[in-house]
Amino acid sequence: QVQLVESGGGSVQTGASLRLSCAASGRSFSSYLMGWFRQAPGQEREFVAGISKNGGYTRYADSVKGRFSISRDNAENTVYLQMNTLKPEDTAVYYCAADSSRSRVGPSTHTDEYEYWGQGTQVTVSS
């Protein structure tokens, strides 16, 4: 089992950058595929970015490709989401999630595949 705590959210202007962190406690962080999701008011939770267990493979939603970057530090049990050139449509609560699958090599884009979730951190981008 793993517990996840996000931090780094805030209120920024269009074009600014933020870096979200997700600290994991528990055992064997490096055995989890990790993902970032977000949920805006009145909308479903959506995939933002995911990373493989050793960090060698990443995938992104089209809406953030080229602006966001996911990374992980298995020694520090932390996954990051660097968000650049933020837009008002990026406003949402951002969640990190962990998938313990032993069969999947790459991160899933589906919320159902992730067993563990953090409490979320708010990101607000104003124009």
# chains A, B, ... in the order shown; residues from 1 in each chain; ligands from 1
>>> residues_around(residues="stretch 42-58 of chain A", least_positions_apart="3", cutoff="9 Å", atoms="only C-alpha atoms", output="number ranges by chain")
A: 29-39, 61-65, 68-74, 79, 81, 94, 105-111
>>> write_last_selection(atoms="C-alpha atoms", output="tab-separated table (two decimals), in the first residue's frame")
chain	number	residue	atom	x	y	z
A	29	PHE	CA	7.56	3.21	-4.61
A	30	SER	CA	9.58	2.10	-7.63
A	31	SER	CA	7.14	-0.75	-8.23
A	32	TYR	CA	4.30	1.66	-9.05
A	33	LEU	CA	3.35	3.25	-12.31
A	34	MET	CA	2.50	6.85	-11.50
A	35	GLY	CA	0.08	9.27	-13.05
A	36	TRP	CA	-1.18	12.82	-12.73
A	37	PHE	CA	-4.85	13.56	-13.31
A	38	ARG	CA	-6.93	16.69	-12.98
A	39	GLN	CA	-10.55	17.54	-12.41
A	61	ALA	CA	-2.55	14.18	-22.77
A	62	ASP	CA	-2.56	16.09	-26.04
A	63	SER	CA	-3.71	19.22	-24.21
A	64	VAL	CA	-0.49	19.43	-22.17
A	65	LYS	CA	2.07	17.92	-24.53
A	68	PHE	CA	4.07	19.76	-18.99
A	69	SER	CA	6.76	17.31	-17.96
A	70	ILE	CA	6.46	14.40	-15.56
A	71	SER	CA	9.44	12.93	-13.74
A	72	ARG	CA	10.13	10.79	-10.71
A	73	ASP	CA	12.87	10.30	-8.15
A	74	ASN	CA	12.60	6.77	-6.79
A	79	VAL	CA	6.88	12.17	-8.61
A	81	LEU	CA	4.76	17.52	-12.67
A	94	TYR	CA	-4.57	17.97	-9.66
A	105	VAL	CA	4.80	-1.54	-18.62
A	106	GLY	CA	3.54	1.91	-19.47
A	107	PRO	CA	1.22	4.17	-17.47
A	108	SER	CA	-2.49	3.91	-18.17
A	109	THR	CA	-4.65	6.89	-19.04
A	110	HIS	CA	-7.68	5.38	-17.26
A	111	THR	CA	-8.57	6.35	-13.70
>>> residues_around(residues="A:Gly15", least_positions_apart="2", cutoff="9 Å", atoms="only C-alpha atoms", output="VMD selection string")
chain A and resid 12 to 13 17 84 to 87 125 127
>>> select_by_dssp(residues="chain A", states="strand (DSSP E)", output="VMD selection string")
chain A and resid 2 to 7 10 to 13 18 to 26 33 to 39 46 to 51 58 to 60 68 to 73 78 to 83 92 to 99 116 to 117 121 to 126
>>> closest_residue(among="A:Gly8, A:Gly118, A:Gly66, A:Pro41", to="A:Glu89", atoms="only C-alpha atoms")
A:Pro41
